Amino acid sequence: MARRWTNDLTQDDVTPRHLWLNRRQIMAGMGGAAALTATGAPAMAQGLEPNTLEQISTYNNYYEFGVGKEDPAAYASALDIDPWTIRVEGMVDRPGDYALADLLSGLQSEERIYRFRCVEAWSMVVPWNGVELADVLDKIGVQSGARYVAFETVVQPENMPGVRSRVIPFPYVEGLRLDEARHPLTLLATGIYGQPMPKQNGAPIRLVVPWKYGFKSIKSIVRITLTDQQPPTTWNRLNSREYGFYSNVNPEVDHPRWSQASERRIGGGLFARRQDTLMFNGYGDQVASLYAGMDLRENY
Ligand SMILES: Nc1nc2c(c(=O)[nH]1)N[C@H]1C(S)=C(S)[C@@H](COP(=O)(O)O)O[C@H]1N2
Ligand SMILES: [Mo]
């Protein structure tokens, strides 16, 4: 049984398994035996109707495969994910090269439906499968001086057209403060809708931090480093004025070139109203305390 969160639904809460794959069918299901959450609130009212697997896996950002939203779906099949080894290093008790299965063995598998908000002001709702990053950190044994976790994406030039044309510097790197990394909402995701992670979404394992802009959720991870220094992050390196280390979703702090007050839900249709963006992407009750006393305008 997956652990549950108050504003996170399992697939079965939202709609029966056989209705997952097609948005029209989901809507039909809701018209009949109106889908209810565990608490009895309509799923729609919470804005947590999941996107279809088709939507989630055909509109992506994964610059290693190109900058177009359809490039990852077009090219990521070339990504070589077998075998997959993750180097664990830095301030840990048990460093080493872990086969993916070994790193995950014995850990509680989770099913989490999260809002996903890209800094470009589009959003989806994604039913992830994975493990809590905190459980992985416990497994590798974080040493007392560690304050940050750094992540790195695989680089396979022969399989990645965006890497060959150097659209941005690679490897893609990201990082979290240790308390953010240990937060129970933070996942290392290995699947979507109960299926192995599509390559364009970051197979075989990627980060998911639902209260931060999507670029923090680094894909296809091959290195995890515990450190006492704030690690460099790809978009901050490229443009520190536009992309901070924290990058918490915040409707009150605009991107220098566009508003962050609202978002376009993918799959909402051509004429759908934009939705209001929620503070911490709707996870403020769980995560706001991580930033108590911090100026969120300065620490963007
Ligand atoms: N390695 C890597 N990770 C990445 C990216 C990328 O280009 N390369 N793009 C980021 C951005 S900007 C977003 S919005 C999300 C997109 O995740 P999705 O395609 O699963 O929706 O992945 C993030 N992780
Ligand atoms: Mo993004």
# chains A, B, ... in the order shown; residues from 1 in each chain; ligands from 1
>>> select_by_dssp(residues="region 181-284 of chain A", states="strand (DSSP E or B)", output="compact mmCIF listing (two decimals) with all heavy atoms, in the first residue's frame")
# COMPACT_ATOMS: atom_id res chain seq x y z
N LEU A 187 10.45 12.67 -4.72
CA LEU A 187 10.55 11.30 -5.24
C LEU A 187 11.72 11.11 -6.17
O LEU A 187 12.14 12.03 -6.87
CB LEU A 187 9.31 10.96 -6.08
CG LEU A 187 7.94 10.86 -5.46
CD1 LEU A 187 6.96 10.34 -6.52
CD2 LEU A 187 7.94 9.96 -4.24
N LEU A 188 12.22 9.87 -6.18
CA LEU A 188 12.96 9.38 -7.33
C LEU A 188 11.98 8.50 -8.08
O LEU A 188 11.58 7.43 -7.59
CB LEU A 188 14.20 8.60 -6.90
CG LEU A 188 15.39 9.45 -6.47
CD1 LEU A 188 16.54 8.55 -6.01
CD2 LEU A 188 15.86 10.37 -7.60
N ALA A 189 11.53 8.98 -9.24
CA ALA A 189 10.45 8.31 -9.96
C ALA A 189 11.01 7.35 -11.01
O ALA A 189 11.96 7.68 -11.73
CB ALA A 189 9.54 9.34 -10.62
N THR A 190 10.38 6.19 -11.07
CA THR A 190 10.80 5.15 -12.03
C THR A 190 9.67 4.77 -12.97
O THR A 190 9.85 3.90 -13.83
CB THR A 190 11.27 3.89 -11.29
OG1 THR A 190 10.23 3.48 -10.38
CG2 THR A 190 12.54 4.18 -10.49
N GLY A 191 8.51 5.38 -12.81
CA GLY A 191 7.40 5.03 -13.67
C GLY A 191 6.30 6.08 -13.69
O GLY A 191 6.31 7.03 -12.90
N ILE A 192 5.37 5.91 -14.61
CA ILE A 192 4.18 6.74 -14.73
C ILE A 192 3.02 5.80 -15.04
O ILE A 192 3.17 4.89 -15.87
CB ILE A 192 4.34 7.79 -15.86
CG1 ILE A 192 5.47 8.77 -15.54
CG2 ILE A 192 3.04 8.54 -16.11
CD1 ILE A 192 5.79 9.76 -16.67
N GLN A 195 3.64 2.09 -15.25
CA GLN A 195 4.49 1.55 -16.31
C GLN A 195 5.88 2.13 -16.18
O GLN A 195 6.04 3.22 -15.64
CB GLN A 195 3.91 1.89 -17.69
CG GLN A 195 2.48 1.38 -17.86
CD GLN A 195 1.91 1.68 -19.23
OE1 GLN A 195 2.64 1.67 -20.22
NE2 GLN A 195 0.62 1.96 -19.28
N PRO A 196 6.90 1.40 -16.69
CA PRO A 196 8.26 1.94 -16.60
C PRO A 196 8.33 3.36 -17.18
O PRO A 196 7.60 3.67 -18.12
CB PRO A 196 9.09 0.97 -17.44
CG PRO A 196 8.30 -0.30 -17.46
CD PRO A 196 6.85 0.10 -17.38
N ARG A 206 14.30 9.41 -12.44
CA ARG A 206 14.43 10.87 -12.45
C ARG A 206 13.85 11.43 -11.16
O ARG A 206 13.06 10.78 -10.47
CB ARG A 206 13.74 11.47 -13.69
CG ARG A 206 12.27 11.14 -13.90
CD ARG A 206 11.28 12.10 -13.29
NE ARG A 206 11.36 13.48 -13.64
CZ ARG A 206 10.76 14.04 -14.70
NH1 ARG A 206 10.04 13.30 -15.51
NH2 ARG A 206 10.84 15.33 -14.90
N LEU A 207 14.29 12.66 -10.87
CA LEU A 207 13.81 13.34 -9.69
C LEU A 207 12.42 13.93 -9.93
O LEU A 207 12.11 14.32 -11.07
CB LEU A 207 14.81 14.46 -9.35
CG LEU A 207 14.66 15.20 -8.03
CD1 LEU A 207 14.92 14.27 -6.85
CD2 LEU A 207 15.66 16.36 -7.99
N VAL A 208 11.59 14.02 -8.90
CA VAL A 208 10.33 14.76 -8.96
C VAL A 208 10.20 15.57 -7.66
O VAL A 208 10.15 15.01 -6.57
CB VAL A 208 9.11 13.83 -9.12
CG1 VAL A 208 7.82 14.66 -9.11
CG2 VAL A 208 9.21 13.02 -10.40
N LYS A 212 8.48 22.68 -6.92
CA LYS A 212 9.47 23.48 -7.63
C LYS A 212 9.21 23.43 -9.13
O LYS A 212 8.57 22.50 -9.63
CB LYS A 212 10.88 22.93 -7.35
CG LYS A 212 11.32 23.16 -5.91
CD LYS A 212 12.70 22.57 -5.65
CE LYS A 212 13.14 22.82 -4.23
NZ LYS A 212 13.55 24.22 -3.97
N ILE A 221 19.12 9.97 -14.11
CA ILE A 221 20.19 10.28 -13.15
C ILE A 221 21.26 9.18 -13.11
O ILE A 221 20.94 8.00 -12.99
CB ILE A 221 19.58 10.48 -11.74
CG1 ILE A 221 18.68 11.72 -11.73
CG2 ILE A 221 20.68 10.59 -10.68
CD1 ILE A 221 17.78 11.82 -10.51
N VAL A 222 22.52 9.60 -13.20
CA VAL A 222 23.64 8.64 -13.11
C VAL A 222 24.59 8.96 -11.97
O VAL A 222 25.54 8.20 -11.73
CB VAL A 222 24.46 8.57 -14.42
CG1 VAL A 222 23.66 7.89 -15.52
CG2 VAL A 222 24.95 9.95 -14.86
N ARG A 223 24.38 10.11 -11.29
CA ARG A 223 25.29 10.45 -10.20
C ARG A 223 24.53 11.19 -9.10
O ARG A 223 23.74 12.10 -9.38
CB ARG A 223 26.43 11.32 -10.71
CG ARG A 223 27.55 11.55 -9.71
CD ARG A 223 28.55 12.58 -10.23
NE ARG A 223 29.23 12.16 -11.46
CZ ARG A 223 30.47 11.67 -11.50
NH1 ARG A 223 31.17 11.53 -10.40
NH2 ARG A 223 31.01 11.34 -12.65
N ILE A 224 24.78 10.78 -7.87
CA ILE A 224 24.20 11.45 -6.70
C ILE A 224 25.35 11.75 -5.75
O ILE A 224 26.09 10.84 -5.35
CB ILE A 224 23.15 10.56 -6.00
CG1 ILE A 224 21.99 10.23 -6.95
CG2 ILE A 224 22.63 11.24 -4.73
CD1 ILE A 224 20.95 9.26 -6.38
N THR A 225 25.53 13.04 -5.44
CA THR A 225 26.66 13.46 -4.62
C THR A 225 26.17 14.21 -3.39
O THR A 225 25.38 15.16 -3.53
CB THR A 225 27.59 14.39 -5.43
OG1 THR A 225 27.94 13.75 -6.66
CG2 THR A 225 28.87 14.71 -4.64
N LEU A 226 26.59 13.80 -2.22
CA LEU A 226 26.29 14.55 -1.00
C LEU A 226 27.45 15.51 -0.73
O LEU A 226 28.62 15.12 -0.78
CB LEU A 226 26.10 13.59 0.17
CG LEU A 226 24.69 13.00 0.36
CD1 LEU A 226 23.71 14.07 0.85
CD2 LEU A 226 24.15 12.34 -0.91
N THR A 227 27.11 16.76 -0.44
CA THR A 227 28.14 17.78 -0.33
C THR A 227 27.76 18.82 0.73
O THR A 227 26.58 18.94 1.09
CB THR A 227 28.37 18.46 -1.71
OG1 THR A 227 29.10 19.67 -1.52
CG2 THR A 227 27.06 18.81 -2.39
N ASN A 248 11.31 27.60 -6.35
CA ASN A 248 10.01 27.17 -5.85
C ASN A 248 8.92 27.85 -6.67
O ASN A 248 9.03 29.03 -7.00
CB ASN A 248 9.86 27.57 -4.37
CG ASN A 248 10.83 26.83 -3.49
OD1 ASN A 248 11.01 25.61 -3.62
ND2 ASN A 248 11.48 27.55 -2.57
N HIS A 255 8.80 35.59 -13.59
CA HIS A 255 10.01 35.44 -14.38
C HIS A 255 10.28 36.80 -15.02
O HIS A 255 9.32 37.53 -15.34
CB HIS A 255 9.76 34.37 -15.45
CG HIS A 255 10.99 34.00 -16.23
ND1 HIS A 255 11.44 34.77 -17.28
CD2 HIS A 255 11.85 32.98 -16.11
CE1 HIS A 255 12.55 34.20 -17.77
NE2 HIS A 255 12.80 33.13 -17.08
N TRP A 258 8.15 36.91 -18.18
CA TRP A 258 6.73 36.58 -18.22
C TRP A 258 6.15 36.43 -16.81
O TRP A 258 6.90 36.27 -15.85
CB TRP A 258 6.45 35.31 -19.05
CG TRP A 258 7.15 34.08 -18.59
CD1 TRP A 258 6.73 33.23 -17.61
CD2 TRP A 258 8.38 33.53 -19.09
NE1 TRP A 258 7.63 32.19 -17.47
CE2 TRP A 258 8.66 32.36 -18.37
CE3 TRP A 258 9.29 33.92 -20.10
CZ2 TRP A 258 9.78 31.58 -18.59
CZ3 TRP A 258 10.41 33.14 -20.32
CH2 TRP A 258 10.64 31.99 -19.58
N SER A 262 -0.23 32.63 -13.55
CA SER A 262 -1.17 31.63 -14.07
C SER A 262 -0.44 30.66 -14.97
O SER A 262 0.74 30.84 -15.29
CB SER A 262 -2.30 32.31 -14.84
OG SER A 262 -1.81 32.87 -16.05
N GLU A 263 -1.14 29.61 -15.35
CA GLU A 263 -0.51 28.54 -16.13
C GLU A 263 -1.50 27.94 -17.12
O GLU A 263 -2.72 28.02 -16.92
CB GLU A 263 0.02 27.45 -15.20
CG GLU A 263 -1.06 26.77 -14.38
CD GLU A 263 -0.52 26.07 -13.14
OE1 GLU A 263 0.22 26.72 -12.36
OE2 GLU A 263 -0.87 24.88 -12.94
N ARG A 264 -0.97 27.36 -18.15
CA ARG A 264 -1.78 26.68 -19.17
C ARG A 264 -1.70 25.18 -18.93
O ARG A 264 -0.62 24.60 -18.98
CB ARG A 264 -1.22 27.03 -20.56
CG ARG A 264 -1.89 26.34 -21.72
CD ARG A 264 -1.32 26.87 -23.04
NE ARG A 264 0.10 26.58 -23.19
CZ ARG A 264 0.58 25.51 -23.82
NH1 ARG A 264 -0.23 24.61 -24.35
NH2 ARG A 264 1.89 25.32 -23.92
N ARG A 265 -2.83 24.57 -18.64
CA ARG A 265 -2.86 23.13 -18.41
C ARG A 265 -2.80 22.38 -19.73
O ARG A 265 -3.66 22.58 -20.59
CB ARG A 265 -4.13 22.75 -17.63
CG ARG A 265 -4.38 21.27 -17.44
CD ARG A 265 -3.32 20.55 -16.62
NE ARG A 265 -3.07 21.10 -15.31
CZ ARG A 265 -3.77 20.83 -14.21
NH1 ARG A 265 -4.78 20.02 -14.25
NH2 ARG A 265 -3.44 21.39 -13.08
N GLN A 275 -5.21 28.64 -15.64
CA GLN A 275 -5.48 28.42 -14.22
C GLN A 275 -4.56 29.30 -13.38
O GLN A 275 -3.43 29.57 -13.77
CB GLN A 275 -5.16 26.99 -13.81
CG GLN A 275 -5.73 25.93 -14.68
CD GLN A 275 -5.57 24.57 -14.03
OE1 GLN A 275 -6.27 23.65 -14.39
NE2 GLN A 275 -4.64 24.45 -13.06
N ASP A 276 -5.05 29.68 -12.21
CA ASP A 276 -4.18 30.38 -11.28
C ASP A 276 -3.08 29.43 -10.82
O ASP A 276 -3.35 28.28 -10.49
CB ASP A 276 -4.97 30.84 -10.05
CG ASP A 276 -5.95 31.96 -10.39
OD1 ASP A 276 -5.78 32.60 -11.47
OD2 ASP A 276 -6.87 32.20 -9.60
>>> residues_near_ligand(ligand="ligand 1", cutoff="7 Å", atoms="only C-alpha atoms and all ligand atoms", output="list in words")
Ile56, Ser57, Tyr59, Asn60, Asn61, Tyr62, Tyr63, Glu64, Cys118, Val119, Thr153, Tyr172, Gln200, Asn201, Gly202, Tyr213, Gly214, Phe215, Lys216, Ser217, Ile218, Lys219 and Ser220 of chain A
>>> closest_residue(among="A:Trp84, A:Tyr193, A:Tyr114, A:Tyr243", to="ligand 2", atoms="only C-alpha atoms and all ligand atoms")
A:Tyr243
>>> select_by_dssp(residues="region 31-233 of chain A", states="helix (DSSP H, G or I)", output="PyMOL selection string")
chain A and resi 31+44-46+53-56+63-65+71-78+100-104+133-140+157-159+161-164+178-182+199-201+214-216
>>> atom_distance(atom1="CA of Gln108 (chain A)", atom2="CA of Val131 (chain A)")
6.2 Å
>>> closest_residue(among="A:Gly130, A:Gly284, A:Ile205, A:Gly90", to="Val142 (chain A)", atoms="only C-alpha atoms")
A:Gly90
>>> atom_distance(atom1="CA of Val125 (chain A)", atom2="CA of Arg274 (chain A)")
14.7 Å
>>> closest_residue(among="A:Val88, A:Ala146, A:Val126, A:Ile81", to="Pro50 (chain A)", atoms="only C-alpha atoms")
A:Val126
>>> residues_around(residues="Arg164 (chain A)", least_positions_apart="3", cutoff="10 Å", atoms="only C-alpha atoms", output="VMD selection string")
chain A and resid 64 to 66 155 to 161 167 170
>>> write_last_selection(atoms="N, CA and C atoms", output="mmCIF file, in the first residue's frame")
data_model
loop_
_atom_site.group_PDB
_atom_site.id
_atom_site.type_symbol
_atom_site.label_atom_id
_atom_site.label_comp_id
_atom_site.auth_asym_id
_atom_site.auth_seq_id
_atom_site.Cartn_x
_atom_site.Cartn_y
_atom_site.Cartn_z
ATOM 1 N N GLU A 64 18.729 17.227 -23.998
ATOM 2 C CA GLU A 64 19.697 16.289 -24.563
ATOM 3 C C GLU A 64 19.189 15.722 -25.897
ATOM 4 N N PHE A 65 17.853 15.764 -26.076
ATOM 5 C CA PHE A 65 17.274 15.246 -27.317
ATOM 6 C C PHE A 65 16.767 16.357 -28.222
ATOM 7 N N GLY A 66 17.039 17.608 -27.867
ATOM 8 C CA GLY A 66 16.596 18.729 -28.686
ATOM 9 C C GLY A 66 15.725 19.664 -27.878
ATOM 10 N N VAL A 155 25.145 11.303 -20.080
ATOM 11 C CA VAL A 155 25.483 11.917 -21.366
ATOM 12 C C VAL A 155 25.839 10.787 -22.335
ATOM 13 N N GLN A 156 25.047 10.635 -23.371
ATOM 14 C CA GLN A 156 25.307 9.625 -24.411
ATOM 15 C C GLN A 156 25.297 10.343 -25.759
ATOM 16 N N PRO A 157 26.425 10.968 -26.124
ATOM 17 C CA PRO A 157 26.439 11.798 -27.340
ATOM 18 C C PRO A 157 25.927 11.059 -28.571
ATOM 19 N N GLU A 158 26.288 9.787 -28.660
ATOM 20 C CA GLU A 158 25.899 9.036 -29.858
ATOM 21 C C GLU A 158 24.376 8.849 -29.936
ATOM 22 N N ASN A 159 23.716 8.937 -28.776
ATOM 23 C CA ASN A 159 22.265 8.715 -28.745
ATOM 24 C C ASN A 159 21.462 9.994 -28.540
ATOM 25 N N MET A 160 22.170 11.100 -28.328
ATOM 26 C CA MET A 160 21.484 12.332 -27.916
ATOM 27 C C MET A 160 21.818 13.478 -28.872
ATOM 28 N N PRO A 161 20.928 13.762 -29.812
ATOM 29 C CA PRO A 161 21.205 14.815 -30.793
ATOM 30 C C PRO A 161 21.412 16.190 -30.167
ATOM 31 N N VAL A 167 23.258 22.286 -27.444
ATOM 32 C CA VAL A 167 22.247 23.338 -27.288
ATOM 33 C C VAL A 167 22.398 24.071 -25.956
ATOM 34 N N PHE A 170 26.305 20.226 -21.236
ATOM 35 C CA PHE A 170 25.967 18.959 -20.580
ATOM 36 C C PHE A 170 27.206 18.417 -19.878
#
>>> closest_residue(among="A:Ser259, A:Thr186, A:Ser123, A:Thr58", to="ligand 2", atoms="only C-alpha atoms and all ligand atoms")
A:Ser123
>>> closest_residue(among="A:Ile140, A:Leu296, A:Ala121, A:Ala150", to="ligand 2", atoms="only C-alpha atoms and all ligand atoms")
A:Ala121
>>> atom_distance(atom1="CA of Gly106 (chain A)", atom2="CA of Pro204 (chain A)")
17.6 Å
>>> closest_residue(among="A:Asp179, A:Asp71, A:Asp135, A:Glu120", to="ligand 2", atoms="only C-alpha atoms and all ligand atoms")
A:Glu120
